[in-house]
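*Asks:* For reference, this is structure_34.cif, and it has mmCIF, C-alpha atoms and all ligand atoms.
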```cif
data_query
loop_
_atom_site.label_atom_id
_atom_site.label_comp_id
_atom_site.auth_asym_id
_atom_site.auth_seq_id
_atom_site.Cartn_x
_atom_site.Cartn_y
_atom_site.Cartn_z
CA MET A 1 -52.62 -18.69 1.20
CA LEU A 2 -50.49 -20.18 -1.52
CA SER A 3 -50.07 -16.86 -3.27
CA PHE A 4 -49.09 -15.28 0.03
CA ALA A 5 -46.38 -17.90 0.48
CA THR A 6 -45.14 -17.39 -3.07
CA GLU A 7 -45.01 -13.66 -2.59
CA PHE A 8 -43.15 -14.11 0.66
CA LEU A 9 -40.62 -16.37 -1.01
CA ASP A 10 -40.19 -13.98 -3.92
CA ASP A 11 -39.64 -11.17 -1.50
CA MET A 12 -37.01 -13.19 0.37
CA LYS A 13 -35.31 -13.96 -2.91
CA ARG A 14 -35.26 -10.30 -3.88
CA GLN A 15 -33.77 -9.41 -0.54
CA LEU A 16 -31.09 -12.04 -0.85
CA MET A 17 -30.28 -10.91 -4.35
CA SER A 18 -30.02 -7.33 -3.27
CA LEU A 19 -27.50 -8.45 -0.69
CA GLY A 20 -25.45 -9.97 -3.44
CA ARG A 21 -25.55 -13.50 -2.09
CA ASP A 22 -26.11 -14.90 -5.54
CA ARG A 23 -23.13 -13.04 -6.93
CA TYR A 24 -20.48 -15.54 -5.98
CA SER A 25 -19.55 -18.94 -7.37
CA LEU A 26 -18.64 -20.73 -4.16
CA PRO A 27 -21.38 -21.40 -1.63
CA ARG A 28 -19.34 -20.03 1.26
CA THR A 29 -17.92 -16.89 -0.33
CA TYR A 30 -20.76 -14.63 0.73
CA LYS A 31 -20.41 -15.64 4.35
CA ARG A 32 -16.64 -15.35 4.41
CA VAL A 33 -16.71 -11.99 2.69
CA SER A 34 -19.39 -10.65 5.04
CA HIS A 35 -17.38 -11.75 8.02
CA ALA A 36 -14.22 -10.06 6.74
CA LYS A 37 -16.12 -6.89 5.88
CA ASP A 38 -17.69 -6.72 9.32
CA LYS A 39 -14.28 -6.82 10.90
CA ALA A 40 -12.46 -4.55 8.49
CA ARG A 41 -15.09 -1.84 8.01
CA PRO A 42 -17.79 -2.27 10.68
CA GLU A 43 -18.91 1.31 10.04
CA LEU A 44 -20.32 0.16 6.69
CA ARG A 45 -22.58 -2.47 8.25
CA LYS A 46 -25.61 -0.24 8.05
CA PHE A 47 -24.63 1.95 5.14
CA GLY A 48 -23.71 -0.93 2.85
CA TRP A 49 -20.81 -1.58 0.52
CA GLU A 50 -22.55 -0.97 -2.81
CA THR A 51 -24.70 1.96 -1.82
CA LEU A 52 -22.87 4.57 -3.88
CA GLY A 53 -23.19 2.51 -7.03
CA TYR A 54 -19.58 3.15 -8.06
CA SER A 55 -19.39 -0.19 -9.86
CA GLU A 56 -21.79 1.33 -12.41
CA SER A 57 -20.96 4.99 -12.20
CA PHE A 58 -17.26 5.40 -11.43
CA ASN A 59 -15.17 6.46 -14.40
CA LEU A 60 -11.76 8.00 -14.55
CA PRO A 61 -10.96 10.75 -17.02
CA PRO A 62 -8.43 9.77 -19.69
CA PHE A 63 -5.00 9.68 -18.10
CA ARG A 64 -2.31 12.21 -18.71
CA ASP A 65 0.86 10.25 -18.75
CA SER A 66 3.52 12.56 -17.46
CA ILE A 67 6.02 10.14 -15.96
CA GLN A 68 9.39 9.27 -17.43
CA ARG A 69 9.90 5.69 -18.48
CA VAL A 70 13.31 4.07 -18.73
CA ASP A 71 14.37 0.65 -19.88
CA GLY A 72 15.85 -1.13 -16.90
CA ASN A 73 18.06 -3.21 -19.15
CA ASN A 74 19.83 -0.08 -20.42
CA LEU A 75 20.23 1.64 -17.07
CA THR A 76 23.09 1.19 -14.63
CA VAL A 77 22.67 1.41 -10.88
CA GLU A 78 24.86 4.51 -10.94
CA GLU A 79 22.67 6.17 -13.55
CA PHE A 80 19.54 5.30 -11.59
CA ARG A 81 21.01 6.86 -8.48
CA ARG A 82 22.21 9.97 -10.26
CA ASP A 83 19.14 10.59 -12.40
CA PHE A 84 16.27 9.44 -10.20
CA GLU A 85 17.10 8.37 -6.67
CA ARG A 86 19.31 11.27 -5.63
CA PRO A 87 17.12 14.02 -7.13
CA ARG A 88 14.03 12.11 -5.95
CA ILE A 89 12.33 11.89 -9.34
CA PRO A 90 9.60 9.28 -9.83
CA VAL A 91 10.10 6.99 -12.80
CA ILE A 92 8.70 3.83 -14.31
CA ILE A 93 11.35 1.26 -15.08
CA THR A 94 10.47 -1.29 -17.72
CA GLY A 95 11.85 -4.74 -18.34
CA LEU A 96 12.60 -5.66 -14.73
CA THR A 97 10.06 -8.45 -14.52
CA ASP A 98 10.98 -10.09 -17.84
CA ASN A 99 12.78 -12.98 -16.22
CA TRP A 100 10.58 -13.38 -13.20
CA ALA A 101 8.68 -16.63 -12.74
CA ALA A 102 5.88 -14.39 -11.46
CA LYS A 103 5.35 -13.20 -15.00
CA ASP A 104 3.75 -16.56 -15.80
CA LYS A 105 2.84 -17.79 -12.36
CA TRP A 106 1.01 -14.78 -11.01
CA THR A 107 -2.17 -15.09 -12.97
CA VAL A 108 -5.41 -15.09 -11.09
CA GLU A 109 -6.11 -18.65 -12.25
CA ARG A 110 -2.78 -20.05 -11.12
CA LEU A 111 -2.58 -18.19 -7.83
CA SER A 112 -6.13 -19.05 -6.89
CA LYS A 113 -5.36 -22.70 -7.52
CA LYS A 114 -1.97 -22.94 -5.89
CA TYR A 115 -2.80 -20.87 -2.80
CA ARG A 116 -6.45 -21.87 -2.69
CA ASN A 117 -6.64 -22.57 1.01
CA GLN A 118 -4.11 -20.05 2.18
CA ASN A 119 -5.23 -16.99 4.08
CA PHE A 120 -4.17 -13.56 2.88
CA LYS A 121 -4.57 -10.28 4.68
CA CYS A 122 -7.24 -8.11 3.12
CA GLY A 123 -7.90 -5.66 5.93
CA GLU A 124 -7.38 -4.80 9.56
CA ASP A 125 -9.78 -4.56 12.45
CA ASP A 126 -10.11 -1.73 14.93
CA ASN A 127 -7.50 -3.29 17.19
CA GLY A 128 -4.91 -3.57 14.47
CA ASN A 129 -5.41 -7.31 13.93
CA SER A 130 -5.21 -8.67 10.41
CA VAL A 131 -8.40 -9.63 8.67
CA ARG A 132 -7.67 -12.58 6.41
CA MET A 133 -9.48 -14.51 3.75
CA LYS A 134 -8.70 -17.75 1.96
CA MET A 135 -7.51 -17.16 -1.58
CA LYS A 136 -10.38 -19.18 -3.05
CA TYR A 137 -12.95 -16.85 -1.48
CA TYR A 138 -11.01 -13.72 -2.21
CA HIS A 139 -10.64 -14.81 -5.83
CA ASP A 140 -14.39 -15.31 -6.11
CA TYR A 141 -14.96 -11.94 -4.43
CA MET A 142 -12.41 -10.15 -6.58
CA LEU A 143 -14.01 -11.32 -9.81
CA ASN A 144 -17.63 -10.83 -8.81
CA ASN A 145 -18.05 -8.03 -6.30
CA LYS A 146 -19.75 -4.70 -7.02
CA ASP A 147 -18.45 -2.88 -3.96
CA ASP A 148 -17.80 0.84 -4.04
CA SER A 149 -14.35 0.42 -2.49
CA PRO A 150 -13.56 -3.28 -2.35
CA LEU A 151 -11.38 -5.19 0.09
CA TYR A 152 -7.76 -5.24 -1.08
CA ILE A 153 -5.12 -7.88 -0.37
CA PHE A 154 -2.10 -6.14 1.11
CA ASP A 155 -0.12 -8.87 2.75
CA SER A 156 3.26 -8.21 4.34
CA SER A 157 3.95 -11.64 5.79
CA PHE A 158 3.56 -13.82 2.69
CA ALA A 159 7.32 -14.47 2.59
CA GLU A 160 7.40 -15.68 6.19
CA ARG A 161 4.48 -18.12 6.12
CA ARG A 162 5.43 -21.67 5.22
CA LYS A 163 2.71 -22.16 2.66
CA THR A 164 2.98 -18.83 0.91
CA LYS A 165 6.70 -18.12 1.08
CA LYS A 166 7.20 -19.62 -2.37
CA LEU A 167 5.70 -16.43 -3.74
CA SER A 168 8.92 -14.67 -2.79
CA GLU A 169 10.87 -17.02 -5.06
CA ASP A 170 8.86 -15.91 -8.07
CA TYR A 171 10.57 -12.52 -8.26
CA SER A 172 13.86 -10.94 -7.35
CA VAL A 173 14.69 -7.52 -6.00
CA PRO A 174 15.91 -5.47 -8.99
CA LYS A 175 19.56 -4.40 -8.81
CA PHE A 176 18.55 -0.75 -8.35
CA PHE A 177 16.98 -1.52 -4.99
CA GLU A 178 19.26 -4.27 -3.75
CA ASP A 179 21.27 -2.27 -1.26
CA ASP A 180 18.50 -2.03 1.33
CA LEU A 181 20.17 -0.85 4.51
CA PHE A 182 17.43 -2.28 6.71
CA HIS A 183 18.88 -5.67 5.73
CA TYR A 184 21.52 -5.04 8.37
CA ALA A 185 18.91 -5.08 11.12
CA ASP A 186 17.68 -8.44 12.40
CA ASP A 187 14.82 -9.74 10.29
CA LYS A 188 12.55 -9.83 13.30
CA LYS A 189 13.34 -6.27 14.23
CA ARG A 190 13.20 -4.58 10.88
CA PRO A 191 9.92 -3.02 9.83
CA PRO A 192 7.68 -4.93 7.37
CA HIS A 193 9.04 -4.12 3.97
CA ARG A 194 7.39 -6.26 1.29
CA TRP A 195 3.78 -6.74 0.31
CA PHE A 196 1.92 -9.06 -2.00
CA VAL A 197 -0.84 -6.93 -3.48
CA MET A 198 -3.97 -8.08 -5.25
CA GLY A 199 -7.33 -6.42 -5.75
CA PRO A 200 -10.22 -5.72 -8.09
CA ALA A 201 -11.27 -2.60 -9.99
CA ARG A 202 -11.88 0.36 -7.67
CA SER A 203 -9.65 -0.99 -4.92
CA GLY A 204 -6.59 1.13 -4.28
CA THR A 205 -4.57 3.16 -1.87
CA ALA A 206 -5.51 6.50 -0.34
CA ILE A 207 -3.10 9.41 -0.69
CA HIS A 208 -0.10 8.99 1.57
CA ILE A 209 3.65 9.28 1.93
CA ASP A 210 5.46 6.05 2.61
CA PRO A 211 6.61 5.41 6.16
CA LEU A 212 9.88 6.37 7.80
CA GLY A 213 11.13 8.30 4.79
CA THR A 214 11.57 5.10 2.79
CA SER A 215 11.33 4.88 -0.99
CA ALA A 216 9.36 2.15 -2.72
CA TRP A 217 9.25 0.11 -5.86
CA ASN A 218 6.05 -1.47 -7.07
CA SER A 219 6.07 -4.03 -9.89
CA LEU A 220 2.83 -4.87 -11.60
CA LEU A 221 2.23 -8.33 -13.05
CA GLN A 222 -1.44 -8.14 -14.01
CA GLY A 223 -3.85 -5.34 -14.82
CA HIS A 224 -3.45 -1.58 -14.76
CA LYS A 225 -3.03 0.89 -11.94
CA ARG A 226 -3.61 4.61 -12.19
CA TRP A 227 -1.14 6.63 -10.12
CA VAL A 228 -0.97 10.27 -9.14
CA LEU A 229 2.21 11.44 -7.42
CA ILE A 230 2.52 14.90 -5.84
CA PRO A 231 5.80 16.50 -4.73
CA PRO A 232 6.81 16.20 -1.07
CA ILE A 233 6.48 19.94 -0.47
CA ALA A 234 2.73 19.93 -1.12
CA PRO A 235 0.82 20.60 2.10
CA ARG A 236 -1.24 17.80 3.53
CA ASP A 237 -4.44 19.84 3.67
CA LEU A 238 -4.22 20.53 -0.02
CA VAL A 239 -3.65 16.96 -1.17
CA LYS A 240 -6.20 15.29 1.09
CA PRO A 241 -9.94 15.30 0.61
CA MET A 242 -11.64 18.10 2.53
CA ALA A 243 -13.81 17.19 5.52
CA HIS A 244 -17.02 17.49 3.53
CA GLU A 245 -15.61 15.32 0.73
CA LYS A 246 -14.69 12.35 2.87
CA GLY A 247 -18.11 10.72 3.02
CA LYS A 248 -18.36 7.09 4.01
CA HIS A 249 -14.98 6.14 2.53
CA PRO A 250 -12.67 8.78 3.95
CA ASP A 251 -9.48 6.83 3.49
CA GLU A 252 -9.96 5.05 0.22
CA GLY A 253 -8.24 5.76 -3.07
CA ILE A 254 -11.56 6.00 -4.89
CA THR A 255 -12.67 8.92 -2.73
CA TRP A 256 -9.56 10.85 -3.68
CA PHE A 257 -10.14 10.20 -7.37
CA GLN A 258 -13.72 11.47 -6.97
CA THR A 259 -12.72 14.65 -5.17
CA VAL A 260 -9.16 16.01 -5.00
CA TYR A 261 -8.27 14.64 -8.43
CA LYS A 262 -10.49 17.22 -10.14
CA ARG A 263 -8.63 20.04 -8.40
CA VAL A 264 -5.26 18.54 -9.16
CA ARG A 265 -6.11 18.50 -12.86
CA SER A 266 -7.60 21.99 -12.96
CA PRO A 267 -5.53 24.94 -14.24
CA SER A 268 -5.69 26.58 -10.82
CA TRP A 269 -3.64 23.81 -9.14
CA PRO A 270 -0.36 25.42 -7.98
CA LYS A 271 2.44 24.82 -10.48
CA GLU A 272 4.94 24.04 -7.74
CA TYR A 273 2.83 21.04 -6.73
CA ALA A 274 2.38 19.79 -10.28
CA PRO A 275 1.45 16.10 -10.15
CA ILE A 276 3.00 13.26 -12.05
CA GLU A 277 0.32 10.99 -13.44
CA CYS A 278 0.46 7.68 -15.15
CA ARG A 279 -1.18 4.40 -15.99
CA GLN A 280 1.07 1.52 -14.98
CA GLY A 281 0.76 -1.66 -16.99
CA PRO A 282 1.97 -5.24 -16.55
CA GLY A 283 5.76 -5.53 -16.46
CA GLU A 284 6.26 -1.95 -15.30
CA THR A 285 7.95 -1.03 -12.04
CA MET A 286 7.08 2.26 -10.37
CA PHE A 287 9.78 3.97 -8.35
CA VAL A 288 8.31 6.19 -5.60
CA PRO A 289 11.05 8.34 -4.07
CA SER A 290 11.05 9.22 -0.36
CA GLY A 291 8.56 11.83 0.67
CA TRP A 292 6.33 11.89 -2.42
CA TRP A 293 2.59 11.83 -1.91
CA HIS A 294 0.94 9.14 -3.99
CA VAL A 295 -2.47 7.63 -4.54
CA VAL A 296 -3.45 4.58 -6.57
CA ILE A 297 -6.56 3.05 -8.04
CA ASN A 298 -6.83 -0.27 -9.84
CA GLU A 299 -8.58 -0.05 -13.19
CA GLU A 300 -9.28 -3.76 -13.26
CA TYR A 301 -8.02 -6.57 -11.11
CA THR A 302 -4.31 -6.27 -10.48
CA ILE A 303 -1.54 -8.39 -9.00
CA ALA A 304 1.65 -6.69 -7.82
CA VAL A 305 4.54 -6.81 -5.41
CA THR A 306 5.94 -3.78 -3.62
CA HIS A 307 8.95 -3.23 -1.36
CA ASN A 308 9.96 -0.27 0.76
CA TYR A 309 13.62 0.32 1.39
CA CYS A 310 16.32 2.57 2.77
CA SER A 311 19.35 3.16 0.59
CA VAL A 312 22.49 5.23 0.71
CA GLU A 313 20.53 7.92 -1.12
CA ASN A 314 17.62 8.29 1.30
CA LEU A 315 19.37 7.34 4.54
CA HIS A 316 19.56 11.01 5.54
CA LEU A 317 15.75 11.10 5.45
CA VAL A 318 15.08 7.67 6.92
CA TRP A 319 17.49 7.97 9.83
CA PRO A 320 15.90 10.87 11.76
CA LYS A 321 12.43 9.42 11.24
CA THR A 322 13.55 6.04 12.51
CA VAL A 323 15.15 7.58 15.60
CA LYS A 324 11.92 9.39 16.36
CA GLY A 325 9.48 6.71 15.38
CA ARG A 326 11.36 3.51 16.20
CA PRO A 327 14.06 4.48 18.71
CA LYS A 328 14.86 0.95 19.83
CA LEU A 329 15.23 -0.23 16.28
CA SER A 330 17.42 2.76 15.47
CA LYS A 331 19.88 1.81 18.22
CA HIS A 332 20.10 -1.77 17.06
CA TRP A 333 20.38 -0.66 13.45
CA VAL A 334 23.11 1.91 13.96
CA LYS A 335 25.15 -0.69 15.82
CA ARG A 336 24.90 -3.03 12.86
CA LEU A 337 25.66 -0.28 10.37
CA THR A 338 28.69 0.79 12.41
CA GLU A 339 30.04 -2.75 12.25
CA GLN A 340 29.19 -3.50 8.65
CA ARG A 341 28.86 -0.19 6.80
CA PRO A 342 31.04 2.23 8.77
CA GLU A 343 31.31 4.54 5.77
CA LEU A 344 27.64 5.45 6.29
CA LEU A 345 28.17 6.92 9.74
CA GLU A 346 28.97 10.29 8.24
CA ILE A 347 25.52 10.42 6.63
CA ILE A 348 23.89 9.34 9.87
CA LYS A 349 25.79 11.90 11.90
CA SER A 350 24.92 14.79 9.68
CA ALA A 351 21.27 13.70 9.52
CA SER A 352 20.97 13.23 13.26
CA GLU A 353 18.90 15.59 15.26
CA ILE A 354 20.22 13.89 18.39
CA PRO A 355 23.99 13.34 18.67
CA LEU A 356 24.68 9.62 18.40
CA TYR A 357 26.36 9.44 21.80
CA ASP A 358 23.19 10.85 23.35
CA MET A 359 20.88 8.30 21.90
CA ASN A 360 20.72 6.10 24.96
CA GLU A 361 19.59 8.89 27.23
CA SER A 362 17.34 10.76 24.92
CA SER A 363 15.24 8.12 23.32
CA SER A 364 13.30 5.24 24.63
CA ASP A 365 11.12 2.93 22.69
CA SER A 366 7.89 3.99 24.17
CA SER A 367 5.00 1.80 23.31
CA SER A 368 2.73 4.74 23.08
CA SER A 369 2.53 6.98 20.11
CA SER A 370 0.86 9.72 22.03
CA SER A 371 3.51 12.23 21.12
CA SER A 372 2.58 11.87 17.52
CA SER A 373 -0.15 14.40 17.76
CA ASP A 374 2.17 17.25 18.49
CA ASP A 375 4.76 16.07 16.10
CA SER A 376 5.96 18.40 13.42
CA SER A 377 4.06 18.42 10.19
CA ASP A 378 7.10 16.96 8.56
CA GLU A 379 6.87 13.91 10.73
CA SER A 380 3.21 13.49 10.33
CA ASP A 381 3.25 13.09 6.60
CA CYS A 382 3.94 9.56 6.22
CA ASP A 383 3.27 8.66 7.65
CA ASP A 384 0.22 9.74 6.89
CA SER A 385 0.31 7.17 4.58
CA GLY A 386 -3.11 6.21 4.12
CA ARG A 387 -1.75 3.15 2.82
CA CYS A 388 -1.17 2.85 2.32
CA GLY A 389 -4.06 0.94 1.28
CA GLY A 390 -6.55 2.96 2.96
CA ARG A 391 -7.21 0.42 5.62
CA LYS A 392 -7.53 2.93 8.30
CA ARG A 393 -8.28 2.65 11.91
CA LYS A 394 -11.26 4.41 13.13
CA ASN A 395 -11.08 7.26 15.61
CA ASP A 396 -7.42 7.65 15.06
CA ASP A 397 -6.85 9.99 12.27
CA ARG A 398 -3.13 9.61 12.25
CA SER A 399 -2.86 5.87 12.06
CA ASN A 400 -5.69 5.91 9.62
CA GLU A 401 -3.61 7.84 7.37
CA CYS A 402 -1.17 5.16 6.69
CA PRO A 403 -3.33 2.16 6.45
CA GLU A 404 -1.61 -1.06 5.75
CA LYS A 405 2.01 -0.25 5.80
CA MET A 406 1.54 1.89 8.80
CA SER A 407 -0.82 0.03 10.99
CA THR A 408 1.31 -3.06 11.24
CA THR A 409 4.08 -3.37 13.77
CA TYR A 410 6.15 -1.22 11.46
CA PHE A 411 4.46 1.70 13.01
CA GLN A 412 3.39 0.39 16.32
CA ASN A 413 5.60 2.72 18.19
CA SER A 414 6.17 5.20 15.53
CA LEU A 415 5.55 8.87 15.70
CA VAL A 416 4.69 9.13 12.10
O1 LIG A 501 -0.40 -0.64 -5.30
C1 LIG A 501 -0.92 0.18 -4.54
O2 LIG A 501 -2.11 0.14 -4.24
C2 LIG A 501 -0.06 1.27 -3.97
C3 LIG A 501 0.81 0.82 -2.90
C4 LIG A 501 1.47 1.86 -2.10
O3 LIG A 501 1.47 3.01 -2.35
C5 LIG A 501 2.17 1.43 -0.94
O4 LIG A 501 2.28 0.24 -0.76
O5 LIG A 501 2.65 2.26 -0.16
FE FE A 502 2.88 3.96 -0.85
#
```
How does this structure look as structure tokens?

*Replies:*
Amino acid sequence: MLSFATEFLDDMKRQLMSLGRDRYSLPRTYKRVSHAKDKARPELRKFGWETLGYSESFNLPPFRDSIQRVDGNNLTVEEFRRDFERPRIPVIITGLTDNWAAKDKWTVERLSKKYRNQNFKCGEDDNGNSVRMKMKYYHDYMLNNKDDSPLYIFDSSFAERRKTKKLSEDYSVPKFFEDDLFHYADDKKRPPHRWFVMGPARSGTAIHIDPLGTSAWNSLLQGHKRWVLIPPIAPRDLVKPMAHEKGKHPDEGITWFQTVYKRVRSPSWPKEYAPIECRQGPGETMFVPSGWWHVVINEEYTIAVTHNYCSVENLHLVWPKTVKGRPKLSKHWVKRLTEQRPELLEIIKSASEIPLYDMNESSSDSSSSSSSSDDSSDESDCDDSGRCGGRKRKNDDRSNECPEKMSTTYFQNSLV
């Protein structure tokens, strides 16, 4: 009888261990993590999060660094515009974080202490609601999980919440990106544009194009990120995993690096879609020009901040997408730009598919995005942003494609 009881207990213990309960330092982490996972990726409930064994088996080939790097302290805004922004050439700018408080303050130890009890968004449920976790649990999870494609903090409201807004004082928008024309729209109306980003090895962002034709900068404070960027002209079907490659993690960066990446690096990959690859390190700022496909995987835990913006250089791309995807915002925005940046109206006019005086009749801010499915392929790119983070929504291929950045209100009514 006794040996039966001992065996039973041993068996229970083995089961608990296989669930990873013993993995974490805090007694509640397992429960909090399970709860978040259930909401963010319910489809993995049965399959499991560690089933593919990527924490043991996933390895990236040595990187081929093919990106230009420039020293931000020796670059003028004019030069940046002429050499990178206007021709839409990706670049890593160094030296921009040298004077940021975040350089010292954004360590995992300090953040996990200071924001211990603050909730951060690490996923989204099927209804588009944020899935949040307290920093102390996420910290424990980040350092100890063995998940194939772990939960990733991608939080766009950190600067608006009373107890986390101090994070936004730890860095400043580099001069190259300061003239963000969405600033002219009311804060409440403008799309989400800044994200605090933190995640362990293997977390990342599925291949996507950033929303509404915006460009992005992404400054890394801790760890290393591997990036692959592919020119805007590359067709979606070529850059995305094929149906049979999607598996259980169809919209995760790691799936791309296990599948499409091999093709991208093979000699048969079309020269006109030649990728730009790199390994971004602490203190480096990636510039992602409008329209470029990009995919990211974290090599170890990383902490970063990223902003999306519209500038004089990409306004001609952002404007028509905003009219289509966010018509109400576009009307408000053009009014503000007319008052405060009248010199930009020429750009807007020549980029407009709809004459400005027609805007009231021809566009309404529909709350449905049903027209997205027959949108042109050009419109569907971003916006295919798997983000953008890969937090996709199930049964909705399009919104899935631009996870985080896209599934927030930014895209609620968007056609992307
Ligand atoms: O840091 C990352 O995971 C990439 C972020 C990204 O591409 C995005 O925010 O759109
Ligand atoms: Fe992106």

*Asks:* If I take CA of Val295 (chain A) and CA of Cys278 (chain A), how far is one from the other in Å, to one decimal?

*Replies:*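 Separation of CA of Val295 (chain A) and CA of Cys278 (chain A): 11.0 Å.
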
*Asks:* Closest to Asp65 (chain A) among A:Tyr171, A:Tyr138, A:Trp100, A:Trp227, using only C-alpha atoms?

*Replies:*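 That would be A:Trp227, the residue with the smallest distance to Asp65 (chain A).
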
*Asks:* Please, what distance in Å, to one decimal, runs between CA of Trp195 (chain A) and atom O5 of ligand LIG 501 (chain A)?

*Replies:*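 Rounded to one decimal, the two atoms are 9.1 Å apart.
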
*Asks:* Do you have the CA of His294 (chain A)-CA of Gly123 (chain A) distance handy?

*Replies:*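 One can read the CA of His294 (chain A) to CA of Gly123 (chain A) distance as 19.9 Å.
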
*Asks:* Given the choices A:Lys105, A:Lys146, A:Arg265, A:His208, which gets closest to ligand LIG 501 (chain A) if the distance is worked out from all atoms listed in the file?

*Replies:*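 The shortest atom-to-atom distance to ligand LIG 501 (chain A) comes from A:His208.
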
*Asks:* Counting only C-alpha atoms, note down every residue that has an atom within 6 Å of the point (-23.9, -1.5, -0.3) (file coordinates), as a PyMOL selection string.

*Replies:* chain A and resi 48-51

*Asks:* Take the residues from that selection and write them out as a PDB file, in the frame of the given file, keeping C-alpha atoms.

*Replies:*
```pdb
ATOM      1  CA  GLY A  48     -23.710  -0.930   2.850  1.00  0.00           C
ATOM      2  CA  TRP A  49     -20.810  -1.580   0.520  1.00  0.00           C
ATOM      3  CA  GLU A  50     -22.550  -0.970  -2.810  1.00  0.00           C
ATOM      4  CA  THR A  51     -24.700   1.960  -1.820  1.00  0.00           C
TER       5      THR A  51
END
```

*Asks:* Let me make sure I understand: among A:Lys114, A:His139, A:Arg64, A:Lys103, which one has the smallest atom-to-atom distance to Gln222 (chain A) if we use only C-alpha atoms?

*Replies:*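 For Gln222 (chain A), the nearest of the given residues is A:Lys103.
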
*Asks:* Tell me which of A:Phe63, A:Tyr184, A:Phe196, A:Tyr115 sits closest to ligand LIG 501 (chain A), counting only C-alpha atoms and all ligand atoms.

*Replies:* A:Phe196
